[in-house]
file target-v8.tsv (TSV, N, CA and C atoms)
chain	number	residue	atom	x	y	z
C	39	MET	N	86.72	-28.11	46.87
C	39	MET	CA	85.93	-29.14	47.51
C	39	MET	C	86.88	-30.19	48.07
C	40	SER	N	86.72	-30.50	49.36
C	40	SER	CA	87.61	-31.47	49.98
C	40	SER	C	87.20	-32.89	49.60
C	41	MET	N	88.08	-33.82	49.92
C	41	MET	CA	87.83	-35.22	49.58
C	41	MET	C	86.58	-35.75	50.30
C	42	SER	N	86.37	-35.33	51.57
C	42	SER	CA	85.21	-35.82	52.32
C	42	SER	C	83.91	-35.31	51.72
C	43	GLU	N	83.91	-34.10	51.15
C	43	GLU	CA	82.70	-33.59	50.52
C	43	GLU	C	82.37	-34.39	49.26
C	44	LYS	N	83.38	-34.83	48.53
C	44	LYS	CA	83.14	-35.65	47.35
C	44	LYS	C	82.56	-37.01	47.73
C	45	ALA	N	82.91	-37.50	48.93
C	45	ALA	CA	82.47	-38.82	49.36
C	45	ALA	C	81.00	-38.85	49.79
C	46	VAL	N	80.44	-37.69	50.06
C	46	VAL	CA	79.04	-37.63	50.49
C	46	VAL	C	78.14	-37.92	49.30
C	47	HIS	N	77.30	-38.93	49.46
C	47	HIS	CA	76.39	-39.34	48.39
C	47	HIS	C	75.31	-38.28	48.20
C	48	TRP	N	74.84	-38.13	46.98
C	48	TRP	CA	73.80	-37.14	46.69
C	48	TRP	C	72.54	-37.37	47.51
C	49	SER	N	72.28	-38.63	47.87
C	49	SER	CA	71.07	-38.93	48.65
C	49	SER	C	71.11	-38.29	50.04
C	50	PHE	N	72.32	-38.06	50.56
C	50	PHE	CA	72.45	-37.37	51.85
C	50	PHE	C	71.80	-36.01	51.78
C	51	TRP	N	72.12	-35.26	50.75
C	51	TRP	CA	71.57	-33.90	50.61
C	51	TRP	C	70.05	-33.95	50.43
C	52	LEU	N	69.58	-34.92	49.68
C	52	LEU	CA	68.14	-35.06	49.47
C	52	LEU	C	67.44	-35.40	50.78
C	53	LEU	N	67.92	-36.43	51.48
C	53	LEU	CA	67.27	-36.85	52.72
C	53	LEU	C	67.35	-35.78	53.81
C	54	ALA	N	68.49	-35.14	53.93
C	54	ALA	CA	68.63	-34.09	54.94
C	54	ALA	C	67.73	-32.90	54.62
C	55	SER	N	67.59	-32.57	53.35
C	55	SER	CA	66.70	-31.47	52.95
C	55	SER	C	65.23	-31.82	53.20
C	56	VAL	N	64.85	-33.03	52.86
C	56	VAL	CA	63.46	-33.48	53.11
C	56	VAL	C	63.19	-33.50	54.61
C	57	ALA	N	64.16	-33.93	55.39
C	57	ALA	CA	64.00	-33.95	56.85
C	57	ALA	C	63.80	-32.53	57.37
C	58	LEU	N	64.55	-31.58	56.84
C	58	LEU	CA	64.40	-30.20	57.28
C	58	LEU	C	63.01	-29.67	56.91
C	59	ILE	N	62.57	-29.93	55.71
C	59	ILE	CA	61.24	-29.48	55.28
C	59	ILE	C	60.16	-30.12	56.16
C	60	TRP	N	60.25	-31.43	56.39
C	60	TRP	CA	59.28	-32.14	57.23
C	60	TRP	C	59.19	-31.50	58.62
C	61	ASN	N	60.35	-31.26	59.23
C	61	ASN	CA	60.38	-30.71	60.59
C	61	ASN	C	59.97	-29.24	60.63
C	62	LEU	N	60.29	-28.49	59.58
C	62	LEU	CA	59.80	-27.10	59.52
C	62	LEU	C	58.29	-27.07	59.39
C	63	LEU	N	57.74	-27.99	58.61
C	63	LEU	CA	56.28	-28.08	58.52
C	63	LEU	C	55.67	-28.43	59.88
C	64	GLY	N	56.34	-29.29	60.63
C	64	GLY	CA	55.89	-29.61	61.98
C	64	GLY	C	55.93	-28.40	62.89
C	65	ALA	N	56.99	-27.59	62.76
C	65	ALA	CA	57.11	-26.38	63.57
C	65	ALA	C	56.00	-25.38	63.20
C	66	ILE	N	55.72	-25.27	61.91
C	66	ILE	CA	54.62	-24.39	61.48
C	66	ILE	C	53.30	-24.92	62.03
C	67	ASN	N	53.11	-26.24	61.98
C	67	ASN	CA	51.90	-26.86	62.53
C	67	ASN	C	51.76	-26.53	64.01
C	68	PHE	N	52.86	-26.60	64.74
C	68	PHE	CA	52.84	-26.27	66.17
C	68	PHE	C	52.36	-24.84	66.36
C	69	LEU	N	52.92	-23.91	65.60
C	69	LEU	CA	52.55	-22.50	65.73
C	69	LEU	C	51.09	-22.27	65.34
C	70	VAL	N	50.64	-22.96	64.30
C	70	VAL	CA	49.23	-22.84	63.88
C	70	VAL	C	48.30	-23.35	64.97
C	71	GLN	N	48.70	-24.42	65.64
C	71	GLN	CA	47.86	-24.98	66.70
C	71	GLN	C	47.71	-24.04	67.89
C	72	MET	N	48.58	-23.08	68.01
C	72	MET	CA	48.48	-22.10	69.09
C	72	MET	C	47.46	-21.00	68.75
C	73	ASP	N	47.00	-20.97	67.51
C	73	ASP	CA	46.02	-19.98	67.05
C	73	ASP	C	44.63	-20.61	67.05
C	74	THR	N	43.75	-20.17	67.92
C	74	THR	CA	42.43	-20.79	68.05
C	74	THR	C	41.59	-20.66	66.79
C	75	GLU	N	41.76	-19.60	66.03
C	75	GLU	CA	41.01	-19.46	64.78
C	75	GLU	C	41.45	-20.50	63.76
C	76	MET	N	42.73	-20.74	63.66
C	76	MET	CA	43.24	-21.74	62.72
C	76	MET	C	42.87	-23.16	63.17
C	77	LEU	N	42.81	-23.35	64.47
C	77	LEU	CA	42.47	-24.66	65.02
C	77	LEU	C	41.07	-25.11	64.60
C	78	ALA	N	40.21	-24.17	64.34
C	78	ALA	CA	38.83	-24.49	63.92
C	78	ALA	C	38.81	-25.26	62.59
C	79	ASN	N	39.86	-25.16	61.79
C	79	ASN	CA	39.93	-25.84	60.50
C	79	ASN	C	40.39	-27.29	60.60
C	80	TYR	N	40.81	-27.72	61.78
C	80	TYR	CA	41.29	-29.09	61.96
C	80	TYR	C	40.12	-30.06	62.07
C	81	ARG	N	40.41	-31.36	61.80
C	81	ARG	CA	39.40	-32.40	61.99
C	81	ARG	C	39.08	-32.50	63.48
C	82	GLU	N	37.88	-33.01	63.77
C	82	GLU	CA	37.42	-33.08	65.16
C	82	GLU	C	38.39	-33.88	66.04
C	83	SER	N	38.87	-35.02	65.56
C	83	SER	CA	39.78	-35.84	66.37
C	83	SER	C	41.07	-35.08	66.68
C	84	GLU	N	41.57	-34.33	65.71
C	84	GLU	CA	42.79	-33.55	65.93
C	84	GLU	C	42.54	-32.42	66.93
C	85	ARG	N	41.40	-31.73	66.78
C	85	ARG	CA	41.07	-30.66	67.71
C	85	ARG	C	40.93	-31.19	69.14
C	86	MET	N	40.33	-32.36	69.29
C	86	MET	CA	40.16	-32.93	70.62
C	86	MET	C	41.51	-33.22	71.28
C	87	ILE	N	42.45	-33.72	70.50
C	87	ILE	CA	43.79	-33.99	71.03
C	87	ILE	C	44.45	-32.68	71.45
C	88	ILE	N	44.40	-31.70	70.57
C	88	ILE	CA	45.07	-30.42	70.83
C	88	ILE	C	44.45	-29.69	72.01
C	89	GLU	N	43.13	-29.63	72.04
C	89	GLU	CA	42.44	-28.88	73.09
C	89	GLU	C	42.58	-29.54	74.46
C	90	SER	N	42.80	-30.85	74.49
C	90	SER	CA	42.95	-31.54	75.77
C	90	SER	C	44.42	-31.73	76.15
C	91	ARG	N	45.32	-31.25	75.33
C	91	ARG	CA	46.75	-31.50	75.55
C	91	ARG	C	47.25	-30.73	76.77
C	92	PRO	N	47.83	-31.43	77.75
C	92	PRO	CA	48.42	-30.74	78.90
C	92	PRO	C	49.76	-30.10	78.54
C	93	LEU	N	50.26	-29.29	79.43
C	93	LEU	CA	51.50	-28.56	79.18
C	93	LEU	C	52.66	-29.50	78.87
C	94	TRP	N	52.77	-30.62	79.58
C	94	TRP	CA	53.90	-31.53	79.36
C	94	TRP	C	53.88	-32.10	77.94
C	95	ALA	N	52.69	-32.36	77.41
C	95	ALA	CA	52.59	-32.89	76.05
C	95	ALA	C	52.86	-31.80	75.02
C	96	THR	N	52.44	-30.57	75.33
C	96	THR	CA	52.73	-29.44	74.44
C	96	THR	C	54.23	-29.19	74.38
C	97	LEU	N	54.89	-29.28	75.52
C	97	LEU	CA	56.35	-29.13	75.55
C	97	LEU	C	57.03	-30.27	74.78
C	98	GLY	N	56.50	-31.47	74.91
C	98	GLY	CA	57.04	-32.59	74.13
C	98	GLY	C	56.91	-32.35	72.64
C	99	PHE	N	55.76	-31.82	72.23
C	99	PHE	CA	55.53	-31.50	70.82
C	99	PHE	C	56.52	-30.43	70.34
C	100	ALA	N	56.75	-29.41	71.18
C	100	ALA	CA	57.70	-28.35	70.81
C	100	ALA	C	59.11	-28.92	70.65
C	101	VAL	N	59.52	-29.77	71.59
C	101	VAL	CA	60.85	-30.40	71.49
C	101	VAL	C	60.93	-31.26	70.24
C	102	ALA	N	59.85	-31.98	69.94
C	102	ALA	CA	59.84	-32.85	68.77
C	102	ALA	C	60.06	-32.06	67.49
C	103	VAL	N	59.28	-31.01	67.28
C	103	VAL	CA	59.33	-30.33	65.98
C	103	VAL	C	60.46	-29.31	65.87
C	104	PHE	N	60.69	-28.53	66.92
C	104	PHE	CA	61.78	-27.55	66.84
C	104	PHE	C	63.13	-28.25	66.97
C	105	GLY	N	63.20	-29.29	67.81
C	105	GLY	CA	64.41	-30.09	67.88
C	105	GLY	C	64.70	-30.80	66.58
C	106	GLY	N	63.65	-31.34	65.96
C	106	GLY	CA	63.82	-32.00	64.66
C	106	GLY	C	64.30	-31.04	63.59
C	107	ALA	N	63.77	-29.82	63.60
C	107	ALA	CA	64.20	-28.82	62.61
C	107	ALA	C	65.66	-28.45	62.85
C	108	LEU	N	66.03	-28.25	64.11
C	108	LEU	CA	67.42	-27.92	64.43
C	108	LEU	C	68.35	-29.08	64.06
C	109	ALA	N	67.94	-30.30	64.39
C	109	ALA	CA	68.77	-31.47	64.07
C	109	ALA	C	68.94	-31.62	62.55
C	110	SER	N	67.87	-31.36	61.81
C	110	SER	CA	67.95	-31.45	60.34
C	110	SER	C	68.89	-30.41	59.78
C	111	LEU	N	68.84	-29.21	60.32
C	111	LEU	CA	69.76	-28.16	59.89
C	111	LEU	C	71.20	-28.57	60.22
C	112	LEU	N	71.40	-29.10	61.42
C	112	LEU	CA	72.74	-29.57	61.80
C	112	LEU	C	73.21	-30.70	60.89
C	113	LEU	N	72.29	-31.55	60.50
C	113	LEU	CA	72.64	-32.63	59.56
C	113	LEU	C	73.09	-32.04	58.23
C	114	LEU	N	72.34	-31.07	57.73
C	114	LEU	CA	72.73	-30.41	56.48
C	114	LEU	C	74.09	-29.73	56.60
C	115	LEU	N	74.39	-29.24	57.80
C	115	LEU	CA	75.69	-28.61	58.04
C	115	LEU	C	76.78	-29.65	58.36
C	116	ARG	N	76.35	-30.94	58.33
C	116	ARG	CA	77.24	-32.08	58.52
C	116	ARG	C	77.89	-32.08	59.90
C	117	LYS	N	77.08	-31.79	60.92
C	117	LYS	CA	77.55	-31.79	62.30
C	117	LYS	C	77.08	-33.05	63.01
C	118	ALA	N	77.99	-33.74	63.66
C	118	ALA	CA	77.69	-35.00	64.33
C	118	ALA	C	76.70	-34.84	65.48
C	119	ILE	N	76.62	-33.67	66.07
C	119	ILE	CA	75.69	-33.43	67.17
C	119	ILE	C	74.23	-33.58	66.72
C	120	ALA	N	74.00	-33.59	65.42
C	120	ALA	CA	72.64	-33.79	64.90
C	120	ALA	C	72.03	-35.08	65.47
C	121	PHE	N	72.84	-36.11	65.61
C	121	PHE	CA	72.34	-37.39	66.15
C	121	PHE	C	71.68	-37.18	67.51
C	122	TYR	N	72.34	-36.47	68.42
C	122	TYR	CA	71.83	-36.28	69.77
C	122	TYR	C	70.58	-35.41	69.78
C	123	VAL	N	70.53	-34.44	68.90
C	123	VAL	CA	69.34	-33.58	68.81
C	123	VAL	C	68.17	-34.37	68.22
C	124	PHE	N	68.46	-35.28	67.27
C	124	PHE	CA	67.41	-36.16	66.77
C	124	PHE	C	66.89	-37.08	67.88
C	125	VAL	N	67.76	-37.53	68.76
C	125	VAL	CA	67.32	-38.37	69.88
C	125	VAL	C	66.37	-37.57	70.78
C	126	ALA	N	66.73	-36.33	71.09
C	126	ALA	CA	65.85	-35.47	71.90
C	126	ALA	C	64.52	-35.26	71.20
C	127	SER	N	64.56	-35.03	69.90
C	127	SER	CA	63.33	-34.86	69.12
C	127	SER	C	62.47	-36.11	69.18
C	128	PHE	N	63.10	-37.28	69.08
C	128	PHE	CA	62.37	-38.55	69.15
C	128	PHE	C	61.67	-38.71	70.50
C	129	ILE	N	62.37	-38.34	71.56
C	129	ILE	CA	61.76	-38.39	72.90
C	129	ILE	C	60.55	-37.45	72.94
C	130	GLY	N	60.68	-36.27	72.34
C	130	GLY	CA	59.55	-35.35	72.27
C	130	GLY	C	58.38	-35.94	71.51
C	131	VAL	N	58.66	-36.65	70.43
C	131	VAL	CA	57.61	-37.33	69.66
C	131	VAL	C	56.91	-38.36	70.55
C	132	LEU	N	57.69	-39.16	71.26
C	132	LEU	CA	57.10	-40.19	72.12
C	132	LEU	C	56.23	-39.59	73.22
C	133	VAL	N	56.69	-38.50	73.82
C	133	VAL	CA	55.90	-37.83	74.86
C	133	VAL	C	54.59	-37.33	74.27
C	134	THR	N	54.65	-36.74	73.10
C	134	THR	CA	53.45	-36.24	72.44
C	134	THR	C	52.48	-37.39	72.12
C	135	MET	N	53.00	-38.48	71.60
C	135	MET	CA	52.16	-39.61	71.23
C	135	MET	C	51.60	-40.32	72.46
C	136	LEU	N	52.34	-40.29	73.56
C	136	LEU	CA	51.85	-40.86	74.81
C	136	LEU	C	50.55	-40.17	75.20
C	137	HIS	N	50.53	-38.86	75.08
C	137	HIS	CA	49.29	-38.13	75.38
C	137	HIS	C	48.20	-38.47	74.37
C	138	SER	N	48.55	-38.49	73.09
C	138	SER	CA	47.54	-38.76	72.06
C	138	SER	C	46.89	-40.12	72.27
C	139	LEU	N	47.71	-41.13	72.54
C	139	LEU	CA	47.17	-42.48	72.73
C	139	LEU	C	46.40	-42.61	74.04
C	140	GLY	N	46.79	-41.84	75.04
C	140	GLY	CA	46.11	-41.90	76.33
C	140	GLY	C	44.92	-40.96	76.45
C	141	SER	N	44.60	-40.27	75.37
C	141	SER	CA	43.53	-39.27	75.42
C	141	SER	C	42.14	-39.89	75.41
C	142	GLY	N	42.04	-41.17	75.11
C	142	GLY	CA	40.74	-41.84	75.06
C	142	GLY	C	39.99	-41.63	73.76
C	143	ILE	N	40.61	-40.97	72.82
C	143	ILE	CA	39.98	-40.72	71.52
C	143	ILE	C	40.09	-41.97	70.67
C	144	GLN	N	39.01	-42.33	70.00
C	144	GLN	CA	39.01	-43.47	69.09
C	144	GLN	C	39.56	-43.03	67.74
C	145	PHE	N	40.67	-43.58	67.35
C	145	PHE	CA	41.30	-43.23	66.09
C	145	PHE	C	40.93	-44.23	65.01
C	146	GLY	N	40.77	-43.73	63.79
C	146	GLY	CA	40.63	-44.60	62.63
C	146	GLY	C	42.01	-45.06	62.19
C	147	MET	N	42.06	-46.03	61.28
C	147	MET	CA	43.34	-46.57	60.83
C	147	MET	C	44.21	-45.48	60.18
C	148	ALA	N	43.61	-44.63	59.37
C	148	ALA	CA	44.38	-43.56	58.71
C	148	ALA	C	44.97	-42.60	59.74
C	149	GLU	N	44.22	-42.32	60.79
C	149	GLU	CA	44.73	-41.43	61.84
C	149	GLU	C	45.84	-42.10	62.63
C	150	ILE	N	45.71	-43.37	62.89
C	150	ILE	CA	46.77	-44.08	63.60
C	150	ILE	C	48.06	-44.05	62.79
C	151	ILE	N	47.93	-44.27	61.49
C	151	ILE	CA	49.11	-44.25	60.63
C	151	ILE	C	49.67	-42.84	60.50
C	152	GLY	N	48.81	-41.88	60.17
C	152	GLY	CA	49.27	-40.52	59.88
C	152	GLY	C	49.64	-39.70	61.09
C	153	ILE	N	48.90	-39.84	62.18
C	153	ILE	CA	49.12	-38.99	63.35
C	153	ILE	C	50.08	-39.63	64.35
C	154	ILE	N	50.03	-40.96	64.47
C	154	ILE	CA	50.81	-41.65	65.51
C	154	ILE	C	52.05	-42.33	64.94
C	155	LEU	N	51.86	-43.27	64.02
C	155	LEU	CA	52.97	-44.11	63.57
C	155	LEU	C	53.97	-43.40	62.67
C	156	MET	N	53.50	-42.59	61.74
C	156	MET	CA	54.42	-41.95	60.80
C	156	MET	C	55.43	-41.03	61.50
C	157	PRO	N	55.01	-40.16	62.42
C	157	PRO	CA	56.02	-39.34	63.10
C	157	PRO	C	57.02	-40.15	63.91
C	158	ILE	N	56.55	-41.23	64.56
C	158	ILE	CA	57.47	-42.08	65.33
C	158	ILE	C	58.47	-42.76	64.39
C	159	ALA	N	57.97	-43.30	63.29
C	159	ALA	CA	58.84	-43.99	62.33
C	159	ALA	C	59.86	-43.03	61.71
C	160	LEU	N	59.41	-41.84	61.33
C	160	LEU	CA	60.34	-40.88	60.71
C	160	LEU	C	61.37	-40.39	61.70
C	161	ALA	N	60.95	-40.12	62.93
C	161	ALA	CA	61.92	-39.67	63.94
C	161	ALA	C	62.94	-40.77	64.22
C	162	GLY	N	62.48	-42.02	64.29
C	162	GLY	CA	63.40	-43.14	64.48
C	162	GLY	C	64.35	-43.29	63.30
C	163	PHE	N	63.82	-43.15	62.10
C	163	PHE	CA	64.67	-43.24	60.90
C	163	PHE	C	65.74	-42.15	60.92
C	164	LEU	N	65.40	-40.93	61.32
C	164	LEU	CA	66.38	-39.85	61.32
C	164	LEU	C	67.48	-40.08	62.35
C	165	ILE	N	67.15	-40.73	63.46
C	165	ILE	CA	68.20	-41.11	64.41
C	165	ILE	C	69.14	-42.11	63.74
C	166	TRP	N	68.57	-43.14	63.15
C	166	TRP	CA	69.39	-44.15	62.48
C	166	TRP	C	70.22	-43.51	61.37
C	167	TYR	N	69.60	-42.66	60.56
C	167	TYR	CA	70.30	-42.10	59.41
C	167	TYR	C	71.45	-41.19	59.85
C	168	SER	N	71.23	-40.39	60.89
C	168	SER	CA	72.31	-39.52	61.35
C	168	SER	C	73.46	-40.35	61.91
C	169	LYS	N	73.15	-41.45	62.58
C	169	LYS	CA	74.21	-42.37	63.06
C	169	LYS	C	74.94	-42.99	61.87
C	170	HIS	N	74.19	-43.41	60.87
C	170	HIS	CA	74.76	-43.98	59.64
C	170	HIS	C	75.71	-42.98	58.97
C	171	CYS	N	75.28	-41.74	58.89
C	171	CYS	CA	76.12	-40.70	58.28
C	171	CYS	C	77.40	-40.48	59.08
C	172	GLY	N	77.28	-40.56	60.39
C	172	GLY	CA	78.47	-40.44	61.25
C	172	GLY	C	79.45	-41.58	61.00
C	173	LYS	N	78.92	-42.79	60.85
C	173	LYS	CA	79.79	-43.95	60.60
C	173	LYS	C	80.48	-43.85	59.24
C	174	LYS	N	79.84	-43.19	58.30
C	174	LYS	CA	80.44	-43.00	56.97
C	174	LYS	C	81.39	-41.80	56.94
C	175	SER	N	81.56	-41.16	58.09
C	175	SER	CA	82.43	-39.98	58.24
C	175	SER	C	81.95	-38.80	57.40
C	176	TRP	N	80.66	-38.69	57.22
C	176	TRP	CA	80.10	-37.55	56.51
C	176	TRP	C	79.86	-36.39	57.45
C	177	LEU	N	79.92	-36.65	58.76
C	177	LEU	CA	79.67	-35.62	59.77
C	177	LEU	C	80.93	-35.35	60.55
C	178	SER	N	81.05	-34.12	61.03
C	178	SER	CA	82.23	-33.78	61.84
C	178	SER	C	81.81	-33.30	63.22
call {"tool": "encode", "arguments": {"input": "target-v8.tsv", "output": "structure tokens"}}
result
Amino acid sequence: MSMSEKAVHWSFWLLASVALIWNLLGAINFLVQMDTEMLANYRESERMIIESRPLWATLGFAVAVFGGALASLLLLLRKAIAFYVFVASFIGVLVTMLHSLGSGIQFGMAEIIGIILMPIALAGFLIWYSKHCGKKSWLS
């Protein structure tokens, strides 16, 4: 084990692993949303967003979740490029949320927090955290 590996705090492995799980769940959610039978199990507000989603918003969603999963894997592999992939993922999140907010659907507070704010906050946090890890020289 090299000196730089010893310097990596245990929380790095925990946060990077949780980020990977979160983004893989998002990727699975994306794939499930492409299945009309599975879509029937979603709440009405979620179905309305998905069914009215244009191609540009669907592409944004794909970039958000698959980019986030790739960035998380790169973070676990301690690659500095993870930061830039997290930025692309964040842009995908914003594009997706732009459609959701502009869809005209009335959201409840729980939906605003869970569907809109939480993904934006987590994507922003992962950008910050990957930059933080780079400054600590945990990434190469």
call {"tool": "closest_residue", "arguments": {"input": "target-v8.tsv", "among": "C:Glu75, C:Gly105, C:Leu111, C:Glu84", "to": "Leu58 of chain C", "atoms": "only N, CA and C atoms"}}
result
C:Leu111
call {"tool": "closest_residue", "arguments": {"input": "target-v8.tsv", "among": "C:Val70, C:Leu177, C:Val123, C:Ile87", "to": "Leu108 of chain C", "atoms": "all atoms listed in the file"}}
result
C:Val123
call {"tool": "closest_residue", "arguments": {"input": "target-v8.tsv", "among": "C:Phe124, C:Phe145, C:Trp176, C:Phe104", "to": "Ala161 of chain C", "atoms": "only N, CA and C atoms"}}
result
C:Phe124
call {"tool": "atom_distance", "arguments": {"input": "target-v8.tsv", "atom1": "atom CA of Arg116 of chain C", "atom2": "atom C of Ile66 of chain C"}}
result
25.2 Å
call {"tool": "atom_distance", "arguments": {"input": "target-v8.tsv", "atom1": "atom CA of Phe121 of chain C", "atom2": "atom CA of Ser138 of chain C"}}
result
25.5 Å
call {"tool": "select_by_dssp", "arguments": {"input": "target-v8.tsv", "residues": "chain C", "states": "helix (DSSP H, G or I)", "output": "PyMOL selection string"}}
result
chain C and resi 41-45+48-71+74-77+82-89+93-114+120-140+147-173
call {"tool": "build_atoms", "arguments": {"input": "target-v8.tsv", "residues": "segment 92-100 of chain C", "atoms": "all heavy atoms", "output": "compact mmCIF listing (two decimals), keeping the file's coordinate frame"}}
result
# COMPACT_ATOMS: atom_id res chain seq x y z
N PRO C 92 47.83 -31.43 77.75
CA PRO C 92 48.42 -30.74 78.90
C PRO C 92 49.76 -30.10 78.54
O PRO C 92 50.32 -30.37 77.47
CB PRO C 92 48.61 -31.87 79.92
CG PRO C 92 48.71 -33.11 79.10
CD PRO C 92 47.89 -32.88 77.87
N LEU C 93 50.26 -29.29 79.43
CA LEU C 93 51.50 -28.56 79.18
C LEU C 93 52.66 -29.50 78.87
O LEU C 93 53.44 -29.25 77.95
CB LEU C 93 51.85 -27.67 80.38
CG LEU C 93 53.15 -26.87 80.25
CD1 LEU C 93 53.09 -25.92 79.06
CD2 LEU C 93 53.44 -26.11 81.53
N TRP C 94 52.77 -30.62 79.58
CA TRP C 94 53.90 -31.53 79.36
C TRP C 94 53.88 -32.10 77.94
O TRP C 94 54.93 -32.29 77.33
CB TRP C 94 53.95 -32.64 80.41
CG TRP C 94 52.75 -33.54 80.47
CD1 TRP C 94 51.66 -33.38 81.29
CD2 TRP C 94 52.49 -34.71 79.70
NE1 TRP C 94 50.75 -34.38 81.07
CE2 TRP C 94 51.23 -35.22 80.11
CE3 TRP C 94 53.19 -35.39 78.71
CZ2 TRP C 94 50.67 -36.37 79.55
CZ3 TRP C 94 52.64 -36.55 78.16
CH2 TRP C 94 51.39 -37.01 78.58
N ALA C 95 52.69 -32.36 77.41
CA ALA C 95 52.59 -32.89 76.05
C ALA C 95 52.86 -31.80 75.02
O ALA C 95 53.46 -32.06 73.97
CB ALA C 95 51.21 -33.51 75.82
N THR C 96 52.44 -30.57 75.33
CA THR C 96 52.73 -29.44 74.44
C THR C 96 54.23 -29.19 74.38
O THR C 96 54.79 -28.95 73.31
CB THR C 96 51.99 -28.17 74.90
OG1 THR C 96 50.58 -28.45 74.91
CG2 THR C 96 52.26 -26.99 73.98
N LEU C 97 54.89 -29.28 75.52
CA LEU C 97 56.35 -29.13 75.55
C LEU C 97 57.03 -30.27 74.78
O LEU C 97 58.01 -30.04 74.07
CB LEU C 97 56.86 -29.08 76.99
CG LEU C 97 56.46 -27.84 77.79
CD1 LEU C 97 56.89 -27.96 79.24
CD2 LEU C 97 57.04 -26.58 77.16
N GLY C 98 56.50 -31.47 74.91
CA GLY C 98 57.04 -32.59 74.13
C GLY C 98 56.91 -32.35 72.64
O GLY C 98 57.84 -32.62 71.86
N PHE C 99 55.76 -31.82 72.23
CA PHE C 99 55.53 -31.50 70.82
C PHE C 99 56.52 -30.43 70.34
O PHE C 99 57.10 -30.55 69.27
CB PHE C 99 54.08 -31.03 70.65
CG PHE C 99 53.65 -30.76 69.24
CD1 PHE C 99 54.22 -31.37 68.15
CD2 PHE C 99 52.61 -29.87 69.01
CE1 PHE C 99 53.79 -31.11 66.85
CE2 PHE C 99 52.16 -29.60 67.72
CZ PHE C 99 52.76 -30.21 66.65
N ALA C 100 56.75 -29.41 71.18
CA ALA C 100 57.70 -28.35 70.81
C ALA C 100 59.11 -28.92 70.65
O ALA C 100 59.81 -28.60 69.68
CB ALA C 100 57.68 -27.24 71.86
